[in-house]
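File shown here: data.cif, holding mmCIF, C-alpha atoms.
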```cif
data_my_file
loop_
_atom_site.group_PDB
_atom_site.id
_atom_site.type_symbol
_atom_site.label_atom_id
_atom_site.label_comp_id
_atom_site.auth_asym_id
_atom_site.auth_seq_id
_atom_site.Cartn_x
_atom_site.Cartn_y
_atom_site.Cartn_z
ATOM 1 C CA MET V 1 -5.460 11.340 -8.102
ATOM 2 C CA ALA V 2 -3.744 8.183 -6.894
ATOM 3 C CA ARG V 3 -0.355 8.389 -5.208
ATOM 4 C CA VAL V 4 2.340 5.775 -4.722
ATOM 5 C CA TYR V 5 5.281 6.210 -2.351
ATOM 6 C CA VAL V 6 7.910 3.532 -1.822
ATOM 7 C CA SER V 7 11.287 4.061 -0.161
ATOM 8 C CA SER V 8 14.213 1.881 0.800
ATOM 9 C CA VAL V 9 17.833 1.913 1.887
ATOM 10 C CA ILE V 10 20.611 0.677 -0.400
ATOM 11 C CA ASN V 11 23.940 -0.354 1.119
ATOM 12 C CA ALA V 12 26.176 1.715 -1.142
ATOM 13 C CA ARG V 13 27.209 5.310 -1.661
ATOM 14 C CA SER V 14 24.626 7.318 -3.585
ATOM 15 C CA ASP V 15 27.035 8.088 -6.448
ATOM 16 C CA ARG V 16 27.460 4.363 -7.079
ATOM 17 C CA VAL V 17 23.707 3.727 -6.995
ATOM 18 C CA TRP V 18 23.113 6.746 -9.215
ATOM 19 C CA ALA V 19 25.631 5.500 -11.772
ATOM 20 C CA ARG V 20 23.522 2.360 -12.029
ATOM 21 C CA ILE V 21 20.100 3.980 -12.420
ATOM 22 C CA ARG V 22 20.676 7.318 -14.184
ATOM 23 C CA ASP V 23 20.640 5.760 -17.670
ATOM 24 C CA PHE V 24 17.064 6.304 -18.849
ATOM 25 C CA ASN V 25 17.632 3.510 -21.354
ATOM 26 C CA GLY V 26 19.185 1.174 -18.776
ATOM 27 C CA LEU V 27 16.207 -0.376 -16.984
ATOM 28 C CA PRO V 28 16.989 -3.886 -18.331
ATOM 29 C CA ASN V 29 20.410 -3.631 -16.635
ATOM 30 C CA TRP V 30 18.962 -3.424 -13.141
ATOM 31 C CA HIS V 31 15.187 -3.878 -13.063
ATOM 32 C CA PRO V 32 14.114 -7.536 -13.130
ATOM 33 C CA ALA V 33 10.751 -6.812 -14.799
ATOM 34 C CA ILE V 34 12.220 -5.146 -17.883
ATOM 35 C CA ALA V 35 13.334 -7.230 -20.861
ATOM 36 C CA GLU V 36 14.534 -4.616 -23.366
ATOM 37 C CA SER V 37 14.582 -0.882 -23.920
ATOM 38 C CA ARG V 38 15.446 1.606 -26.644
ATOM 39 C CA ILE V 39 15.378 5.382 -27.010
ATOM 40 C CA GLU V 40 13.279 6.619 -29.916
ATOM 41 C CA ASN V 41 14.794 8.607 -32.786
ATOM 42 C CA GLY V 42 18.341 7.741 -31.738
ATOM 43 C CA GLU V 43 18.409 10.480 -29.119
ATOM 44 C CA PRO V 44 20.800 10.411 -26.152
ATOM 45 C CA ALA V 45 19.230 8.823 -23.058
ATOM 46 C CA ASP V 46 19.988 11.890 -20.940
ATOM 47 C CA LYS V 47 18.358 14.359 -23.323
ATOM 48 C CA ILE V 48 15.352 15.807 -21.547
ATOM 49 C CA GLY V 49 12.264 15.006 -23.600
ATOM 50 C CA CYS V 50 13.616 11.744 -25.024
ATOM 51 C CA VAL V 51 11.241 8.774 -25.125
ATOM 52 C CA ARG V 52 12.082 5.240 -24.029
ATOM 53 C CA ASP V 53 10.169 2.363 -25.518
ATOM 54 C CA PHE V 54 10.584 -0.741 -23.416
ATOM 55 C CA ARG V 55 9.148 -4.208 -23.104
ATOM 56 C CA LEU V 56 8.417 -6.018 -19.869
ATOM 57 C CA ARG V 57 9.140 -9.693 -19.371
ATOM 58 C CA ASN V 58 5.377 -10.287 -19.451
ATOM 59 C CA GLY V 59 5.287 -8.811 -22.975
ATOM 60 C CA ASP V 60 3.706 -5.434 -22.135
ATOM 61 C CA ARG V 61 5.082 -2.393 -24.000
ATOM 62 C CA ILE V 62 5.426 0.971 -22.312
ATOM 63 C CA ARG V 63 6.588 4.336 -23.693
ATOM 64 C CA GLU V 64 7.809 6.951 -21.243
ATOM 65 C CA ARG V 65 9.147 10.488 -21.669
ATOM 66 C CA LEU V 66 12.044 11.853 -19.642
ATOM 67 C CA LEU V 67 10.860 15.072 -17.976
ATOM 68 C CA GLY V 68 13.718 15.854 -15.616
ATOM 69 C CA LEU V 69 17.150 14.463 -14.730
ATOM 70 C CA SER V 70 19.577 15.875 -12.187
ATOM 71 C CA ASP V 71 23.118 14.664 -11.571
ATOM 72 C CA HIS V 72 23.269 17.212 -8.741
ATOM 73 C CA ASP V 73 20.100 16.289 -6.857
ATOM 74 C CA LEU V 74 20.100 12.679 -8.055
ATOM 75 C CA PHE V 75 16.572 12.379 -9.363
ATOM 76 C CA CYS V 76 14.823 11.312 -12.551
ATOM 77 C CA THR V 77 11.248 12.293 -13.429
ATOM 78 C CA TYR V 78 9.260 10.780 -16.272
ATOM 79 C CA SER V 79 5.726 10.394 -17.579
ATOM 80 C CA ILE V 80 3.920 7.527 -19.255
ATOM 81 C CA LEU V 81 2.903 8.177 -22.851
ATOM 82 C CA GLU V 82 1.484 4.745 -23.663
ATOM 83 C CA SER V 83 0.899 1.651 -21.590
ATOM 84 C CA PRO V 84 -1.616 -1.146 -21.147
ATOM 85 C CA MET V 85 -2.030 -0.197 -17.470
ATOM 86 C CA GLY V 86 -5.055 2.068 -17.817
ATOM 87 C CA VAL V 87 -3.480 5.139 -16.189
ATOM 88 C CA VAL V 88 -3.494 8.749 -17.338
ATOM 89 C CA ASN V 89 -1.516 11.783 -16.167
ATOM 90 C CA TYR V 90 1.086 9.380 -14.798
ATOM 91 C CA VAL V 91 4.235 11.136 -13.541
ATOM 92 C CA ALA V 92 6.882 9.349 -11.478
ATOM 93 C CA THR V 93 10.118 10.374 -9.784
ATOM 94 C CA LEU V 94 13.001 8.197 -8.656
ATOM 95 C CA ARG V 95 15.217 10.047 -6.187
ATOM 96 C CA LEU V 96 18.368 9.211 -4.225
ATOM 97 C CA THR V 97 19.578 10.940 -1.063
ATOM 98 C CA PRO V 98 22.923 10.178 0.578
ATOM 99 C CA VAL V 99 22.797 8.743 4.098
ATOM 100 C CA THR V 100 25.910 10.265 5.649
ATOM 101 C CA ASP V 101 25.748 7.953 8.660
ATOM 102 C CA GLY V 102 27.227 4.769 7.186
ATOM 103 C CA GLU V 103 27.627 5.506 3.458
ATOM 104 C CA ARG V 104 24.205 4.270 2.451
ATOM 105 C CA THR V 105 21.560 5.617 0.104
ATOM 106 C CA PHE V 106 17.956 6.540 0.818
ATOM 107 C CA ALA V 107 15.968 5.760 -2.332
ATOM 108 C CA GLU V 108 12.449 7.056 -2.973
ATOM 109 C CA TRP V 109 10.148 6.282 -5.860
ATOM 110 C CA THR V 110 6.883 8.183 -6.189
ATOM 111 C CA ALA V 111 4.117 8.297 -8.744
ATOM 112 C CA GLU V 112 0.878 10.164 -9.250
ATOM 113 C CA PHE V 113 -1.769 9.226 -11.776
ATOM 114 C CA ASP V 114 -5.469 9.098 -12.563
ATOM 115 C CA CYS V 115 -7.368 5.892 -13.229
ATOM 116 C CA ALA V 116 -10.793 4.286 -12.919
ATOM 117 C CA PRO V 117 -11.709 4.413 -9.191
ATOM 118 C CA GLU V 118 -12.322 0.674 -8.944
ATOM 119 C CA ARG V 119 -8.813 -0.049 -10.231
ATOM 120 C CA GLU V 120 -6.918 2.367 -7.991
ATOM 121 C CA ALA V 121 -6.094 -0.003 -5.119
ATOM 122 C CA GLU V 122 -4.843 -2.709 -7.479
ATOM 123 C CA LEU V 123 -2.722 -0.280 -9.505
ATOM 124 C CA VAL V 124 -1.195 1.333 -6.410
ATOM 125 C CA SER V 125 -0.326 -2.122 -5.106
ATOM 126 C CA ASN V 126 1.134 -3.344 -8.407
ATOM 127 C CA ILE V 127 3.151 -0.210 -9.092
ATOM 128 C CA GLY V 128 4.370 0.291 -5.523
ATOM 129 C CA GLY V 129 4.756 -3.266 -4.301
ATOM 130 C CA GLY V 130 5.634 -4.775 -7.667
ATOM 131 C CA VAL V 131 7.490 -2.363 -9.920
ATOM 132 C CA PHE V 132 9.066 0.061 -7.429
ATOM 133 C CA GLN V 133 9.838 -2.297 -4.541
ATOM 134 C CA GLY V 134 10.930 -4.915 -7.081
ATOM 135 C CA GLY V 135 13.463 -2.444 -8.433
ATOM 136 C CA PHE V 136 14.715 -1.599 -4.952
ATOM 137 C CA ASP V 137 15.013 -5.276 -4.035
ATOM 138 C CA SER V 138 17.139 -5.790 -7.120
ATOM 139 C CA LEU V 139 19.372 -2.813 -6.242
ATOM 140 C CA LYS V 140 19.728 -4.090 -2.683
ATOM 141 C CA ARG V 141 20.877 -7.462 -4.005
ATOM 142 C CA ALA V 142 23.254 -5.828 -6.473
ATOM 143 C CA PHE V 143 24.879 -3.789 -3.711
ATOM 144 C CA GLY V 144 24.956 -6.519 -1.097
ATOM 145 C CA GLY V 145 21.843 -6.033 0.984
ATOM 146 C CA MET J 1 28.934 29.948 3.554
ATOM 147 C CA PRO J 2 29.543 26.628 5.315
ATOM 148 C CA ARG J 3 26.844 24.009 4.828
ATOM 149 C CA VAL J 4 26.396 20.911 6.956
ATOM 150 C CA VAL J 5 24.310 17.994 5.668
ATOM 151 C CA LYS J 6 23.866 14.890 7.800
ATOM 152 C CA SER J 7 21.426 12.018 7.549
ATOM 153 C CA THR J 8 20.743 8.652 9.056
ATOM 154 C CA ILE J 9 18.283 5.767 9.141
ATOM 155 C CA ILE J 10 16.445 5.136 12.402
ATOM 156 C CA ASP J 11 15.045 1.651 12.957
ATOM 157 C CA ALA J 12 11.619 2.870 14.114
ATOM 158 C CA PRO J 13 8.407 3.947 12.372
ATOM 159 C CA VAL J 14 8.450 7.572 11.260
ATOM 160 C CA ASP J 15 5.517 8.596 13.477
ATOM 161 C CA ARG J 16 7.395 7.385 16.540
ATOM 162 C CA VAL J 17 10.524 9.350 15.666
ATOM 163 C CA TRP J 18 8.476 12.418 14.802
ATOM 164 C CA ALA J 19 6.660 12.295 18.160
ATOM 165 C CA VAL J 20 10.048 12.826 19.832
ATOM 166 C CA LEU J 21 11.572 15.303 17.380
ATOM 167 C CA ARG J 22 8.585 17.598 16.962
ATOM 168 C CA ASP J 23 8.762 18.754 20.602
ATOM 169 C CA PHE J 24 10.834 21.919 20.196
ATOM 170 C CA ASN J 25 11.164 22.029 23.986
ATOM 171 C CA GLY J 26 12.132 18.376 24.437
ATOM 172 C CA HIS J 27 15.699 18.152 23.193
ATOM 173 C CA ASP J 28 17.037 18.160 26.775
ATOM 174 C CA ARG J 29 15.412 14.745 27.165
ATOM 175 C CA TRP J 30 17.525 13.128 24.455
ATOM 176 C CA HIS J 31 20.379 15.303 23.161
ATOM 177 C CA PRO J 32 23.575 14.757 25.174
ATOM 178 C CA ALA J 33 24.760 18.363 24.733
ATOM 179 C CA VAL J 34 21.603 19.933 26.207
ATOM 180 C CA ALA J 35 21.187 20.177 29.984
ATOM 181 C CA SER J 36 17.886 22.061 30.133
ATOM 182 C CA SER J 37 15.394 23.693 27.801
ATOM 183 C CA ALA J 38 12.612 26.227 28.300
ATOM 184 C CA ILE J 39 10.308 28.112 25.962
ATOM 185 C CA GLU J 40 10.303 31.845 26.578
ATOM 186 C CA ARG J 41 7.148 33.714 27.611
ATOM 187 C CA GLY J 42 5.302 30.478 28.300
ATOM 188 C CA ALA J 43 4.581 29.920 24.606
ATOM 189 C CA PRO J 44 3.559 26.448 23.428
ATOM 190 C CA PRO J 45 6.567 24.672 21.853
ATOM 191 C CA ASP J 46 4.640 24.038 18.635
ATOM 192 C CA ARG J 47 3.826 27.694 18.109
ATOM 193 C CA VAL J 48 5.849 28.902 15.130
ATOM 194 C CA GLY J 49 7.966 31.836 16.248
ATOM 195 C CA CYS J 50 8.478 30.566 19.785
ATOM 196 C CA VAL J 51 11.978 30.840 21.276
ATOM 197 C CA ARG J 52 13.689 28.080 23.217
ATOM 198 C CA ARG J 53 16.483 28.765 25.663
ATOM 199 C CA PHE J 54 19.004 25.969 26.004
ATOM 200 C CA ARG J 55 21.503 25.564 28.766
ATOM 201 C CA LEU J 56 24.252 23.292 27.508
ATOM 202 C CA LYS J 57 26.099 20.740 29.643
ATOM 203 C CA ASP J 58 29.133 23.052 29.617
ATOM 204 C CA GLY J 59 27.049 25.889 31.118
ATOM 205 C CA ALA J 60 26.733 27.956 27.954
ATOM 206 C CA GLU J 61 23.305 29.309 27.001
ATOM 207 C CA LEU J 62 21.799 29.750 23.582
ATOM 208 C CA ARG J 63 18.456 30.839 22.154
ATOM 209 C CA GLU J 64 16.824 29.400 19.065
ATOM 210 C CA GLN J 65 13.622 30.366 17.266
ATOM 211 C CA LEU J 66 11.187 27.964 15.600
ATOM 212 C CA LEU J 67 10.699 29.060 11.977
ATOM 213 C CA THR J 68 8.733 26.180 10.482
ATOM 214 C CA LEU J 69 6.874 23.178 11.869
ATOM 215 C CA SER J 70 4.834 20.757 9.765
ATOM 216 C CA ASP J 71 3.110 17.617 10.985
ATOM 217 C CA LEU J 72 2.219 16.836 7.379
ATOM 218 C CA GLU J 73 5.755 17.006 6.000
ATOM 219 C CA GLN J 74 7.256 15.961 9.356
ATOM 220 C CA CYS J 75 9.851 18.698 9.271
ATOM 221 C CA PHE J 76 10.890 21.780 11.214
ATOM 222 C CA SER J 77 13.400 24.560 10.841
ATOM 223 C CA TYR J 78 14.913 26.961 13.328
ATOM 224 C CA CYS J 79 17.534 29.664 13.616
ATOM 225 C CA LEU J 80 20.033 30.678 16.272
ATOM 226 C CA LEU J 81 19.374 34.017 17.940
ATOM 227 C CA ASP J 82 22.093 34.141 20.602
ATOM 228 C CA THR J 83 25.029 31.844 21.055
ATOM 229 C CA PRO J 84 28.397 31.942 22.796
ATOM 230 C CA ILE J 85 30.049 30.192 19.840
ATOM 231 C CA PRO J 86 30.769 31.958 16.540
ATOM 232 C CA LEU J 87 27.807 30.681 14.519
ATOM 233 C CA PHE J 88 26.060 33.486 12.660
ATOM 234 C CA ASN J 89 23.065 33.456 10.297
ATOM 235 C CA TYR J 90 22.553 29.848 11.339
ATOM 236 C CA VAL J 91 19.378 28.255 9.926
ATOM 237 C CA ALA J 92 18.806 24.524 10.309
ATOM 238 C CA HIS J 93 16.273 22.137 8.801
ATOM 239 C CA VAL J 94 15.183 18.751 10.133
ATOM 240 C CA ARG J 95 13.035 16.403 8.098
ATOM 241 C CA LEU J 96 11.806 12.848 8.354
ATOM 242 C CA MET J 97 10.685 10.542 5.576
ATOM 243 C CA PRO J 98 9.254 7.063 5.951
ATOM 244 C CA VAL J 99 11.344 4.129 4.734
ATOM 245 C CA THR J 100 8.439 1.979 3.596
ATOM 246 C CA ASP J 101 10.779 -0.967 3.076
ATOM 247 C CA GLY J 102 11.026 -2.165 6.688
ATOM 248 C CA ASP J 103 8.924 0.569 8.380
ATOM 249 C CA ARG J 104 11.969 2.661 9.312
ATOM 250 C CA SER J 105 12.748 6.381 9.135
ATOM 251 C CA PHE J 106 15.069 8.572 7.115
ATOM 252 C CA TRP J 107 16.199 11.614 9.109
ATOM 253 C CA GLY J 108 17.930 14.537 7.433
ATOM 254 C CA TRP J 109 19.454 17.429 9.413
ATOM 255 C CA GLU J 110 21.182 20.280 7.627
ATOM 256 C CA SER J 111 22.149 23.903 8.081
ATOM 257 C CA ARG J 112 23.974 26.884 6.667
ATOM 258 C CA PHE J 113 25.775 29.519 8.664
ATOM 259 C CA THR J 114 28.616 31.996 8.652
ATOM 260 C CA THR J 115 31.452 32.143 11.134
ATOM 261 C CA ARG J 116 34.738 33.927 11.727
ATOM 262 C CA ALA J 117 37.328 33.642 8.982
ATOM 263 C CA GLY J 118 39.470 30.578 9.502
ATOM 264 C CA GLU J 119 36.985 28.779 11.759
ATOM 265 C CA GLU J 120 34.786 27.317 8.994
ATOM 266 C CA ALA J 121 36.212 23.807 9.151
ATOM 267 C CA GLN J 122 36.138 23.658 12.943
ATOM 268 C CA MET J 123 32.526 24.898 13.147
ATOM 269 C CA THR J 124 31.406 22.561 10.371
ATOM 270 C CA GLU J 125 32.947 19.626 12.211
ATOM 271 C CA MET J 126 31.426 20.711 15.543
ATOM 272 C CA VAL J 127 27.901 21.136 14.156
ATOM 273 C CA GLY J 128 28.018 17.977 12.052
ATOM 274 C CA GLU J 129 29.533 15.637 14.619
ATOM 275 C CA GLN J 130 28.792 16.980 18.110
ATOM 276 C CA ILE J 131 25.275 18.211 17.372
ATOM 277 C CA TYR J 132 23.823 16.275 14.438
ATOM 278 C CA GLN J 133 25.597 12.914 14.510
ATOM 279 C CA ALA J 134 25.534 12.901 18.329
ATOM 280 C CA GLY J 135 21.797 13.641 18.096
ATOM 281 C CA PHE J 136 21.251 10.694 15.745
ATOM 282 C CA ASP J 137 23.063 8.353 18.113
ATOM 283 C CA ALA J 138 21.151 9.741 21.104
ATOM 284 C CA ILE J 139 17.726 9.268 19.482
ATOM 285 C CA ARG J 140 18.676 5.707 18.654
ATOM 286 C CA ARG J 141 19.459 5.074 22.326
ATOM 287 C CA HIS J 142 16.407 7.056 23.482
ATOM 288 C CA LEU J 143 14.015 4.996 21.345
ATOM 289 C CA ALA J 144 15.620 1.739 22.424
ATOM 290 C CA SER J 145 15.336 2.535 26.129
#
```
Same coordinates, now as structure tokens:
Amino acid sequence: MARVYVSSVINARSDRVWARIRDFNGLPNWHPAIAESRIENGEPADKIGCVRDFRLRNGDRIRERLLGLSDHDLFCTYSILESPMGVVNYVATLRLTPVTDGERTFAEWTAEFDCAPEREAELVSNIGGGVFQGGFDSLKRAFGG
Amino acid sequence: MPRVVKSTIIDAPVDRVWAVLRDFNGHDRWHPAVASSAIERGAPPDRVGCVRRFRLKDGAELREQLLTLSDLEQCFSYCLLDTPIPLFNYVAHVRLMPVTDGDRSFWGWESRFTTRAGEEAQMTEMVGEQIYQAGFDAIRRHLAS
């Protein structure tokens, strides 16, 4: 099983960062790779089990199911149902932790998945360095560094 | 039951911070409140269950027992056995996580305890500021020196 771990520090209180990322249908509002998103069957975006169907700027379509969401512990866990990436058993978690020393936020994004062995290094690099770090870079810009 | 949660970002790789923190007998080398430290009965300081005896700068003595130590998770926990200050049922947890964005470290330090009625706020402030936050600042200086 392949694992991805990417973490960063956002220069804002964790409740402000959380308000920006908790919307499971809101990726286009903050992630530069995502063009559009909708929740299937008109369900609320914070209903556990809901499915988001989104399109990347490169045209790829991905469907993901919300597995867990906590306004108390500030995390969101989801799985991939369909994607062109060639991954199975893909589960990811985006988690925020307050940094009390300076009103910052420690942000972690992890994923585990199975894939063809020869594709693992490339997928880990694309998901971690591209998707996850790209999202953090965008949040850092949005909150001033 | 009062709970103290403090965290910071240290501008050093996580293995370097862990090398300092994991020494349960080494806090006298960096924490400003600790004058000397010894492990009772000649036990190794990374033996779970060992007891450290601190003499504080103000002359007070306290004993703490190592409950958990993990080089994999880079965390440890400990409890207070004897203390001249009214901290009872005190259990503390320290954990490090890598900040992959910039090769830095997230350091969380938290505890729960009971105390005498009416002294909750004072003890919470003392633990959070004079022990945890002062420890963060001291490690920062220690690693820079």
Show me, as a ChimeraX atom specification, the residues that have an atom within 10 Å of J:Ala33 when counting only C-alpha atoms, minus same-chain residues fewer than 3 positions from it. /J:27-28,30,36,54-58,130-131,134-135
Please find the residues of chain J near chain V - the criterion being any atom within 10 Å, counting only C-alpha atoms - and write them as a tab-separated table (two decimals) with C-alpha atoms, keeping the file's coordinate frame.
```
chain	number	residue	atom	x	y	z
J	5	VAL	CA	24.31	17.99	5.67
J	6	LYS	CA	23.87	14.89	7.80
J	7	SER	CA	21.43	12.02	7.55
J	8	THR	CA	20.74	8.65	9.06
J	9	ILE	CA	18.28	5.77	9.14
J	97	MET	CA	10.68	10.54	5.58
J	98	PRO	CA	9.25	7.06	5.95
J	99	VAL	CA	11.34	4.13	4.73
J	100	THR	CA	8.44	1.98	3.60
J	101	ASP	CA	10.78	-0.97	3.08
J	102	GLY	CA	11.03	-2.16	6.69
J	103	ASP	CA	8.92	0.57	8.38
J	104	ARG	CA	11.97	2.66	9.31
J	105	SER	CA	12.75	6.38	9.14
J	106	PHE	CA	15.07	8.57	7.12
J	107	TRP	CA	16.20	11.61	9.11
J	108	GLY	CA	17.93	14.54	7.43
J	133	GLN	CA	25.60	12.91	14.51
J	136	PHE	CA	21.25	10.69	15.74
J	137	ASP	CA	23.06	8.35	18.11
```
If we count only C-alpha atoms, what is near V:Met85 at a cut-off of 12 Å, once residues fewer than 5 positions away on the same chain are taken out, given as a list in words?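 Contacts, in chain order: Asp60, Arg61, Ile62, Arg63, Ile80, Tyr90, Phe113, Asp114, Cys115, Ala116, Arg119, Glu120, Glu122, Leu123, Val124, Asn126 and Ile127 of chain V.
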For the residues in the current selection, export C-alpha atoms as a CSV table (one decimal), keeping the file's coordinate frame.
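Output file result_1.csv is given in full below:
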```csv
chain,number,residue,atom,x,y,z
V,60,ASP,CA,3.7,-5.4,-22.1
V,61,ARG,CA,5.1,-2.4,-24.0
V,62,ILE,CA,5.4,1.0,-22.3
V,63,ARG,CA,6.6,4.3,-23.7
V,80,ILE,CA,3.9,7.5,-19.3
V,90,TYR,CA,1.1,9.4,-14.8
V,113,PHE,CA,-1.8,9.2,-11.8
V,114,ASP,CA,-5.5,9.1,-12.6
V,115,CYS,CA,-7.4,5.9,-13.2
V,116,ALA,CA,-10.8,4.3,-12.9
V,119,ARG,CA,-8.8,0.0,-10.2
V,120,GLU,CA,-6.9,2.4,-8.0
V,122,GLU,CA,-4.8,-2.7,-7.5
V,123,LEU,CA,-2.7,-0.3,-9.5
V,124,VAL,CA,-1.2,1.3,-6.4
V,126,ASN,CA,1.1,-3.3,-8.4
V,127,ILE,CA,3.2,-0.2,-9.1
```
When you draw a straight line from atom CA of V:Val17 to atom CA of J:Ala92, how long is it in Å?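 Distance between the two atoms: 27.5 Å.
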For the file shown, report as number ranges by chain the outcome of the PyMOL selection byres ((chain J and resi 22) around 8) at residue level. J: 18-21, 23-24, 46, 69, 74-76
Can you tell me which residues surround V:Ile21 at a distance of at most 10 Å, considering only C-alpha atoms, apart from same-chain residues fewer than 6 positions away, and format the answer as a list in words?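 Using only C-alpha atoms, the neighbours found are Leu27, Asn29, Trp30, His31, Leu74, Phe75, Cys76, Leu94, Arg95, Leu96 and Leu139 of chain V.
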Any chance you could export the current selection's C-alpha atoms as a CSV table (one decimal), in the frame of the given file?
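The result, stored in out_31.csv:
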```
chain,number,residue,atom,x,y,z
V,27,LEU,CA,16.2,-0.4,-17.0
V,29,ASN,CA,20.4,-3.6,-16.6
V,30,TRP,CA,19.0,-3.4,-13.1
V,31,HIS,CA,15.2,-3.9,-13.1
V,74,LEU,CA,20.1,12.7,-8.1
V,75,PHE,CA,16.6,12.4,-9.4
V,76,CYS,CA,14.8,11.3,-12.6
V,94,LEU,CA,13.0,8.2,-8.7
V,95,ARG,CA,15.2,10.0,-6.2
V,96,LEU,CA,18.4,9.2,-4.2
V,139,LEU,CA,19.4,-2.8,-6.2
```
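Atom CA of J:Val17 is positioned 27.1 Å from atom CA of J:Met123.
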Straight-line distance linking atom CA of J:Gly26 with atom CA of J:Asn89, stated in Å to one decimal: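 That distance, rounded to one decimal, is 23.4 Å.
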Evaluate the PyMOL selection byres ((chain V and resi 78) around 9) here and jot the selected residues down as a ChimeraX atom specification. /V:49,64-69,76-77,79-80,90-94
Given the file above and the PyMOL selection byres ((chain V and resi 24) around 9), which residues are selected, and can you give them as an MDAnalysis selection string? chainID V and resid 21:23 25:27 39 45:46 50:52 66 76
